[in-house]
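**Q** Structure below; questions to follow.
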Amino acid sequence: MSRRPPRTSYGYLAPVGAQVKGWECNNEGCGTGDEPAPKSWPYPCRVCGRPTDPTFREPWGHEARRYKIVRNLASPDPFWRQFAQLEQHVWAYKDALLRDDRAAAAAAWLTYRAERQHQARRGDYSSTVSTSAHEMVLLAARFGDFEHAIPQLMADYPFIDTRDAETDNGRRTVARGFVSMCIQVLSQESSVGHPQADELHTAMRDVADRLGDLLVVDHHRGLKRVSEVRAQHRARTAISRQRRSVATAAEGLPPVSWPPPPARMLRWRAIPSARRLVDLLVSDTRLALTLVDRLLDNADLHDDVGPLDELIRHLAATGTSPALTRLLHARRQVVVGDLPAAIKHLELGANESGPLARRLRPQILATHGLLLARHAPQRVEDAVRSCQRGRQAGLRWRRSTAADAALARLLLWRRGPGSDDVHHAVRLIRRRCRLWRRPGVDDQILLQEVLAAHDAVTGRADDVRRHLAWRGTLNRSGRTAEQARIAAAWAEWAVGTGSAELAADAYERLVVLAARDAVERSGTWARRRVLTAAQEYAEDAGYWLARTGRYRKAVLALETGRAVDLTDALGRHDTTRPDLSYNDILTQTGDGAIVFVSAAAAGGYALVVAADHDPQYVDLPRLDRARVTHLVDRTLSTAGSRSSADNQSTGFAPLATVGTARGGVGVLGPGRLREFPPDGETRADPLTDALRALWDDGVKYLVFAAGGQVVTLIPVGLLSLLPLHAAGAPRWDRPTEWHHVGNYSAIRYAPNTRSLRWCREAARELGRRQALLAVDVPAGHGVRSAAKLRYVSRETTEVTRRWTGNPTRLVHECTWEEFRATAERQTVWHLAMHGFADPRRILDSRLYFTDRQITLAEMRQALPVGRRRLAVLSACHTNLTGADLPNEIVGLPAALIELGFAGVIASAWAVDDLATTYLMTAFYERWCRHGDEPAIALHRAQGWLRTASTEDLVTLLPGVTPAGRHGEHPYADPRYWAAFAYTGA
């Protein structure tokens, strides 16, 4: 037998050297095939015994397929003939893509669509249409032709019918195929930027959710892969955008002193006065400019612009150097974020004359170019020319100039399809980073970025080698702020590699260094800049670390990036201690599990810390950052601007139509809310939908993973803005009852485990003998008479009756001055009054006393710090936190913990007046008389109110008619009893 493959049954004769990969039987009624190729030909079919045809590797397989299509077009069998009519266009499309002929590919796609529509109208063989469509999309994904693939999938989406998919094999196959095609397209990173990519992702998720358990394992893996690809792209984009933003404009600017000063000058520590610096400019210019750089560093790191302003004034008064004065004016404007003013000063400074002006011209023009590119990215060409002028000005004296690094940076930002910009940037930055030139941290960052870009352009990327180079650069750096900048650039590169291991390593260092950098900065604005940039670091670090199986490090990353400011304010400087360990977190699990819940870009997840083993990882794929952002937007969409005390609105909508509820007649029955939106306003209530969505999207899985008498929730990122403790859904068998997190354990929140430890220490130090201050304000300052709270006086009276501690102080219609004069001596505060909070303006959150409204910012400044046991904020929306820095949980509970409280009870939405009175009375009954811990007492009080009958309510508060729906359990709805949550120990 001959070893050369024979001519196939459909007429293809392979050329010499063609590689065979297997065999197939094209005889009628058979169709068998297998790999590998047989050792000799002819080869009989294993099923029918007749001769078989060889199958070829590419490119011979592509050519052989053309012969088979030609034969099938003339086949007497209508199935093969119609299949070939579609297949010929698939072949033409692939052939055009292989030749990189995009015009021919587009024409082939159009003819394929026309033939597909023609066959679909005739109702011919839907399986052939589905098979060819799948192949067309796979080819488009492989070659990056998303302009055809994505619109085609979006056109198919409305016709994906999943009804009866369990029993209808045709519908099930088509729906599964649609999900598979979407996965193939969206798993390509280049698809992320397509205008319809997000729509296609939404369509894919919709069909996948409808199919549910009918998806196979490969589908779930593909969906996860798509989420990670999109997450990596967005993480890299977010870090890149942050590093190019106005807030970080001072990073990467060339130093004023050039060339870099020798070691003897770097040993100077004290910065002299402005007058002395001006004198030094004449006697020792190089030393003076070195000290000016230190002055600029302090201004950027700590918002300390006073010495800089003084130096600018002295320079202007003496006229010593107009060019330096302009440059320092510009750097001053950069610190405060006014880039247009800085650019204007630099343009004027570049035109100054004199010896020092000529020496500073490269720095001035390089700074101008960098700021111009940040302020107006579309003017990057002008920015490059500015840096080139600066380089030319500096080449009069040296081969390396102060503008080299800036020019390399802009070439890297500008680079297009070609590699000339990258090659030029490599030459510039390598010359700049020679050891004897003492390169700065920004030069070292730029070197790694330029070399990574060069590797990508030349196709010689070695991710492991570059990863080690990044790590070495970080380890050689000294100051924390510099290390944090390196870690951010490292993370931006690492997520672009697509490697979870590399991303996990970079993010692990980044989240620690960002927290440490924030703590070390003394200026409020400087610290806020760092914390703003780091808001998503913890969630992403935890995800990638957990993704690679490093669960303990994932927990440490979430712990480190959470409540940095609060932890520092409490004096617990664990964010700066390298010895923070997993065991430190384990010690806080004595009474139940601690659950870190996070929503990363790639998907939601939870880490359950309990006992001595590794954390339990719970995958919550539907609770990703995009989904949580949507839920937060829905719940905050009703929050409006507050123009006066009579015009306020809050995050979660109240229990009923607000206008009638304030008047005493609401949908849920008589009662008042402890908030007051505008008169007559009727708002949609997103509360029930949000609670159900949270439950269905993942919270329901946590109740089985976490156990204990008390479960501590530490939500990370945007999840801090949602009431996880209240998530639930009606039972299918009894719709009036809810599945609820609290059905299984008492729930409490904690900012992080370090603050939880501090709260526990405060509670142990105080013991059980406490002094109570109970105040009520039926109608606060500026509150309309119609919004007067009828039951707050009864509430505080009942609370004091059940108090068993030290003597109490009860103040009806309390003023702020009365409260302030008394509060310092009491360790338990109970405040029943109106409240207001808007997460988008959280420092404007306020409580309404009789004589005035007190904001959160005023409260933090006016009240003294001291050990206290519990604060009960019996008002609306007191448990909301700020949306700008969600990981810093800025809000009333955190402010009270910062003031020294071991625990805080506060509400997540607008609460009913009478229902809250019942709840608080039941809480103090269990805390004071039964001896329960506050979190457990609140849990049991809520359970009691949920199941209380009308008779139970009358027994608790004689003389009061229960409000709400009439029936066996008037307050069974979770909106009555689930709003309040406990934070602390």
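In the structure tokens, chains take letters A, B, ... by order of appearance, with residues numbered from 1 within each chain and ligands from 1 in the order shown.
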Please run DSSP on the backbone and report, as a count of residues only, all residues within region 809-917 of chain A that come out as strand (DSSP E or B).

**A** 34

**Q** Please identify which residues in region 728-964 of chain A DSSP calls helix (DSSP H, G or I) from the backbone, and express them as an NGL selection string.

**A** :A and (741-743 or 753-766 or 785-787 or 792-802 or 816-823 or 839-844 or 856-862 or 886-888 or 892-898 or 913-929 or 934-947 or 950-956)

**Q** I'd like to know which of A:Ser386, A:Gln119, A:Ala823, A:Val890 is closest to Arg81 (chain A), using only C-alpha atoms.

**A**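 Closest residue, counting only C-alpha atoms: A:Gln119.
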
**Q** Select, from A:Ala491, A:Ala746, A:Ala133, A:Ala837, the residue with the minimum atom-to-atom distance to Ile854 (chain A), counting only C-alpha atoms.

**A**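 Smallest separation from Ile854 (chain A) among the options: A:Ala837.
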
**Q** Which residues come within 9 Å of Leu957 (chain A), counting only C-alpha atoms, excluding same-chain residues fewer than 5 positions away, as a ChimeraX atom specification?

**A** /A:798,918,921,952

**Q** Give me, as a compact mmCIF listing (two decimals) with all heavy atoms, in the first residue's frame, all polymer residues having an atom no more than 8 Å from region 404-410 of chain A, counting only C-alpha atoms and skipping those fewer than 3 positions away in the same chain.

**A**
```txt
# COMPACT_ATOMS: atom_id res chain seq x y z
N GLY A 252 5.63 62.07 38.38
CA GLY A 252 6.32 62.00 37.09
C GLY A 252 6.81 63.33 36.56
O GLY A 252 7.45 63.35 35.50
N LEU A 253 6.53 64.44 37.25
CA LEU A 253 7.05 65.72 36.78
C LEU A 253 8.56 65.77 37.02
O LEU A 253 9.07 65.26 38.01
CB LEU A 253 6.36 66.87 37.52
CG LEU A 253 4.86 67.04 37.25
CD1 LEU A 253 4.32 68.24 38.02
CD2 LEU A 253 4.58 67.20 35.76
N PRO A 254 9.30 66.40 36.12
CA PRO A 254 10.76 66.44 36.29
C PRO A 254 11.15 67.26 37.51
O PRO A 254 10.48 68.25 37.85
CB PRO A 254 11.24 67.10 34.99
CG PRO A 254 10.06 67.86 34.49
CD PRO A 254 8.86 67.08 34.90
N ALA A 366 9.27 70.47 29.79
CA ALA A 366 8.86 69.09 30.04
C ALA A 366 7.63 69.06 30.95
O ALA A 366 6.69 68.28 30.71
CB ALA A 366 10.01 68.31 30.67
N THR A 367 7.63 69.89 31.97
CA THR A 367 6.46 69.96 32.85
C THR A 367 5.24 70.44 32.08
O THR A 367 4.12 69.91 32.24
CB THR A 367 6.74 70.92 34.04
OG1 THR A 367 7.91 70.48 34.73
CG2 THR A 367 5.57 70.95 35.00
N GLY A 369 4.65 70.00 28.88
CA GLY A 369 4.17 68.93 28.02
C GLY A 369 3.37 67.88 28.78
O GLY A 369 2.30 67.44 28.33
N LEU A 370 3.85 67.47 29.94
CA LEU A 370 3.15 66.46 30.72
C LEU A 370 1.79 66.95 31.20
O LEU A 370 0.78 66.23 31.13
CB LEU A 370 4.00 66.03 31.92
CG LEU A 370 5.22 65.16 31.60
CD1 LEU A 370 6.09 64.99 32.83
CD2 LEU A 370 4.77 63.80 31.07
N ALA A 373 -0.72 67.18 28.29
CA ALA A 373 -1.25 65.88 27.88
C ALA A 373 -2.28 65.37 28.88
O ALA A 373 -3.23 64.68 28.49
CB ALA A 373 -0.11 64.88 27.74
N VAL A 380 -1.86 65.72 22.57
CA VAL A 380 -0.62 65.02 22.89
C VAL A 380 0.49 65.38 21.91
O VAL A 380 1.67 65.41 22.29
CB VAL A 380 -0.87 63.49 22.93
CG1 VAL A 380 -1.20 62.95 21.55
CG2 VAL A 380 0.34 62.76 23.51
N ALA A 383 2.04 68.42 23.16
CA ALA A 383 2.81 68.09 24.37
C ALA A 383 4.15 67.47 24.00
O ALA A 383 5.18 67.79 24.61
CB ALA A 383 2.00 67.13 25.25
N VAL A 384 4.16 66.59 23.00
CA VAL A 384 5.42 65.98 22.55
C VAL A 384 6.36 67.05 22.02
O VAL A 384 7.57 67.05 22.33
CB VAL A 384 5.14 64.90 21.50
CG1 VAL A 384 6.43 64.45 20.82
CG2 VAL A 384 4.44 63.71 22.13
N CYS A 387 8.03 68.90 24.85
CA CYS A 387 9.13 68.14 25.46
C CYS A 387 10.34 68.08 24.53
O CYS A 387 11.49 68.10 25.00
CB CYS A 387 8.66 66.73 25.81
SG CYS A 387 7.55 66.67 27.22
N GLN A 388 10.11 67.98 23.23
CA GLN A 388 11.23 67.98 22.29
C GLN A 388 11.98 69.30 22.33
O GLN A 388 13.22 69.32 22.26
CB GLN A 388 10.72 67.68 20.88
CG GLN A 388 10.25 66.24 20.69
CD GLN A 388 9.56 66.01 19.36
OE1 GLN A 388 9.05 66.96 18.74
NE2 GLN A 388 9.52 64.75 18.93
N ARG A 391 14.06 69.17 25.40
CA ARG A 391 15.24 68.32 25.22
C ARG A 391 16.31 69.05 24.41
O ARG A 391 17.50 69.00 24.74
CB ARG A 391 14.84 67.02 24.54
CG ARG A 391 16.02 66.13 24.18
CD ARG A 391 15.56 64.74 23.76
NE ARG A 391 16.62 64.03 23.08
CZ ARG A 391 17.69 63.50 23.66
NH1 ARG A 391 17.86 63.62 24.97
NH2 ARG A 391 18.61 62.87 22.97
N SER A 400 22.00 63.71 28.33
CA SER A 400 20.74 63.38 29.00
C SER A 400 20.19 64.65 29.63
O SER A 400 20.92 65.38 30.31
CB SER A 400 20.98 62.32 30.08
OG SER A 400 19.79 61.99 30.73
N THR A 401 18.91 64.92 29.40
CA THR A 401 18.32 66.17 29.88
C THR A 401 17.13 65.89 30.80
O THR A 401 16.64 64.76 30.89
CB THR A 401 17.81 67.02 28.69
OG1 THR A 401 16.61 66.43 28.18
CG2 THR A 401 18.85 67.07 27.58
N TRP A 413 2.55 57.20 25.57
CA TRP A 413 1.11 57.49 25.52
C TRP A 413 0.64 57.65 24.07
O TRP A 413 -0.49 57.29 23.75
CB TRP A 413 0.81 58.77 26.30
CG TRP A 413 0.93 58.62 27.78
CD1 TRP A 413 1.21 57.48 28.48
CD2 TRP A 413 0.77 59.64 28.76
NE1 TRP A 413 1.24 57.73 29.83
CE2 TRP A 413 0.98 59.06 30.05
CE3 TRP A 413 0.49 60.99 28.70
CZ2 TRP A 413 0.90 59.78 31.23
CZ3 TRP A 413 0.41 61.73 29.89
CH2 TRP A 413 0.62 61.12 31.14
N ARG A 414 1.51 58.18 23.22
CA ARG A 414 1.10 58.49 21.86
C ARG A 414 1.19 57.30 20.93
O ARG A 414 0.56 57.29 19.86
CB ARG A 414 1.98 59.62 21.31
CG ARG A 414 1.54 60.15 19.95
CD ARG A 414 2.50 61.17 19.39
NE ARG A 414 3.78 60.59 18.96
CZ ARG A 414 4.70 61.25 18.29
NH1 ARG A 414 4.52 62.53 18.01
NH2 ARG A 414 5.83 60.66 17.92
N HIS A 424 12.18 54.84 20.24
CA HIS A 424 12.75 56.12 20.67
C HIS A 424 12.65 56.25 22.19
O HIS A 424 13.61 56.70 22.85
CB HIS A 424 12.01 57.26 19.98
CG HIS A 424 12.69 58.59 20.17
ND1 HIS A 424 12.09 59.79 19.82
CD2 HIS A 424 13.88 58.92 20.71
CE1 HIS A 424 12.90 60.78 20.12
NE2 HIS A 424 14.00 60.29 20.66
N ALA A 425 11.52 55.86 22.77
CA ALA A 425 11.35 55.93 24.23
C ALA A 425 12.35 55.03 24.94
O ALA A 425 12.89 55.39 25.99
CB ALA A 425 9.92 55.55 24.61
N VAL A 426 12.62 53.85 24.36
CA VAL A 426 13.61 52.94 24.97
C VAL A 426 14.98 53.60 25.03
O VAL A 426 15.68 53.55 26.06
CB VAL A 426 13.66 51.61 24.19
CG1 VAL A 426 14.85 50.77 24.64
CG2 VAL A 426 12.37 50.83 24.40
N LEU A 428 15.73 56.78 25.05
CA LEU A 428 15.74 57.90 25.99
C LEU A 428 15.81 57.43 27.44
O LEU A 428 16.61 57.92 28.24
CB LEU A 428 14.47 58.75 25.78
CG LEU A 428 14.41 59.60 24.51
CD1 LEU A 428 13.01 60.19 24.35
CD2 LEU A 428 15.45 60.71 24.57
N ILE A 429 14.95 56.46 27.80
CA ILE A 429 14.86 56.10 29.20
C ILE A 429 16.03 55.22 29.64
O ILE A 429 16.46 55.27 30.80
CB ILE A 429 13.50 55.41 29.49
CG1 ILE A 429 13.23 55.39 31.00
CG2 ILE A 429 13.46 54.02 28.90
CD1 ILE A 429 13.16 56.73 31.65
N ARG A 432 18.68 57.55 30.44
CA ARG A 432 18.37 58.28 31.68
C ARG A 432 18.58 57.40 32.92
O ARG A 432 18.93 57.91 33.98
CB ARG A 432 16.90 58.74 31.63
CG ARG A 432 16.39 59.37 32.91
CD ARG A 432 17.03 60.70 33.18
NE ARG A 432 16.71 61.18 34.51
CZ ARG A 432 17.42 60.93 35.59
NH1 ARG A 432 18.51 60.18 35.49
NH2 ARG A 432 17.07 61.41 36.76
N ASP A 443 11.49 57.53 36.96
CA ASP A 443 12.30 57.02 35.87
C ASP A 443 12.30 55.50 35.85
O ASP A 443 12.22 54.86 34.79
CB ASP A 443 13.74 57.54 35.99
CG ASP A 443 13.81 59.04 35.94
OD1 ASP A 443 13.03 59.65 35.18
OD2 ASP A 443 14.64 59.63 36.66
N LEU A 446 8.98 54.22 34.57
CA LEU A 446 8.89 54.42 33.14
C LEU A 446 9.76 53.41 32.39
O LEU A 446 9.38 52.92 31.32
CB LEU A 446 9.30 55.85 32.79
CG LEU A 446 9.18 56.25 31.33
CD1 LEU A 446 7.77 56.05 30.82
CD2 LEU A 446 9.62 57.70 31.15
```

**Q** Residues at most 7 Å from Arg852 (chain A), counting only C-alpha atoms, excluding those fewer than 3 positions away in the same chain, as a list in words?

**A**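 Those residues are His781, Trp816, Tyr848 and Phe849 of chain A.
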
**Q** Would you output that residue set with C-alpha atoms, as a PDB file, in the first residue's frame?

**A**
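And here's result_23.pdb as it stands now:
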```pdb
ATOM      1  CA  HIS A 781     -35.758  72.417  64.096  1.00  0.00           C
ATOM      2  CA  TRP A 816     -28.513  70.352  71.072  1.00  0.00           C
ATOM      3  CA  TYR A 848     -32.847  67.212  64.156  1.00  0.00           C
ATOM      4  CA  PHE A 849     -32.789  68.592  67.673  1.00  0.00           C
TER       5      PHE A 849
END
```

**Q** Given the choices A:Ala937, A:Ala750, A:Ala488, A:Ile445, which gets closest to Leu566 (chain A) if the distance is worked out from only C-alpha atoms?

**A** A:Ala750

**Q** Got a sec: who's within 9 Å of Ala832 (chain A), counting only C-alpha atoms, leaving out chain neighbours fewer than 4 positions off, as a VMD selection string?

**A** chain A and resid 674 774 to 778 792 to 793 795 to 796 872 to 875

**Q** Quick one: write out the picked residues with N, CA and C atoms as a short mmCIF file (atom, residue, chain, number, x, y, z; two decimals), in the first residue's frame?

**A**
```cif
data_model
loop_
_atom_site.label_atom_id
_atom_site.label_comp_id
_atom_site.auth_asym_id
_atom_site.auth_seq_id
_atom_site.Cartn_x
_atom_site.Cartn_y
_atom_site.Cartn_z
N ARG A 674 -39.79 58.67 60.27
CA ARG A 674 -38.82 59.56 60.91
C ARG A 674 -37.89 60.16 59.86
N ALA A 774 -31.47 59.15 77.37
CA ALA A 774 -32.53 58.94 76.38
C ALA A 774 -33.14 60.30 76.05
N VAL A 775 -33.10 60.67 74.76
CA VAL A 775 -33.65 61.96 74.34
C VAL A 775 -34.62 61.72 73.20
N ASP A 776 -35.63 62.56 73.13
CA ASP A 776 -36.55 62.50 72.00
C ASP A 776 -36.85 63.89 71.51
N VAL A 777 -37.12 64.00 70.22
CA VAL A 777 -37.47 65.27 69.60
C VAL A 777 -38.62 64.99 68.64
N PRO A 778 -39.87 65.21 69.05
CA PRO A 778 -41.01 64.94 68.16
C PRO A 778 -40.99 65.77 66.89
N VAL A 792 -42.33 59.10 69.75
CA VAL A 792 -40.95 59.09 70.25
C VAL A 792 -40.89 59.33 71.76
N SER A 793 -41.80 60.15 72.29
CA SER A 793 -41.82 60.37 73.74
C SER A 793 -42.19 59.10 74.48
N GLU A 795 -41.63 56.15 73.36
CA GLU A 795 -40.48 55.24 73.18
C GLU A 795 -39.42 55.49 74.25
N THR A 796 -39.00 56.73 74.44
CA THR A 796 -37.96 56.99 75.43
C THR A 796 -38.45 56.68 76.84
N VAL A 872 -27.85 54.30 70.16
CA VAL A 872 -29.02 53.85 69.41
C VAL A 872 -29.58 55.06 68.68
N LEU A 873 -29.48 55.04 67.34
CA LEU A 873 -29.97 56.14 66.52
C LEU A 873 -31.33 55.74 65.98
N SER A 874 -32.37 56.06 66.74
CA SER A 874 -33.73 55.66 66.39
C SER A 874 -34.32 56.73 65.47
N ALA A 875 -33.79 56.77 64.26
CA ALA A 875 -34.19 57.75 63.25
C ALA A 875 -33.99 57.12 61.88
#
```

**Q** Considering only C-alpha atoms, can you say which of A:Pro54, A:Gly549, A:Gly222, A:Pro322 comes closest to Leu356 (chain A)?

**A**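 Of A:Pro54, A:Gly549, A:Gly222, A:Pro322, the one nearest Leu356 (chain A), counting only C-alpha atoms, is A:Pro322.
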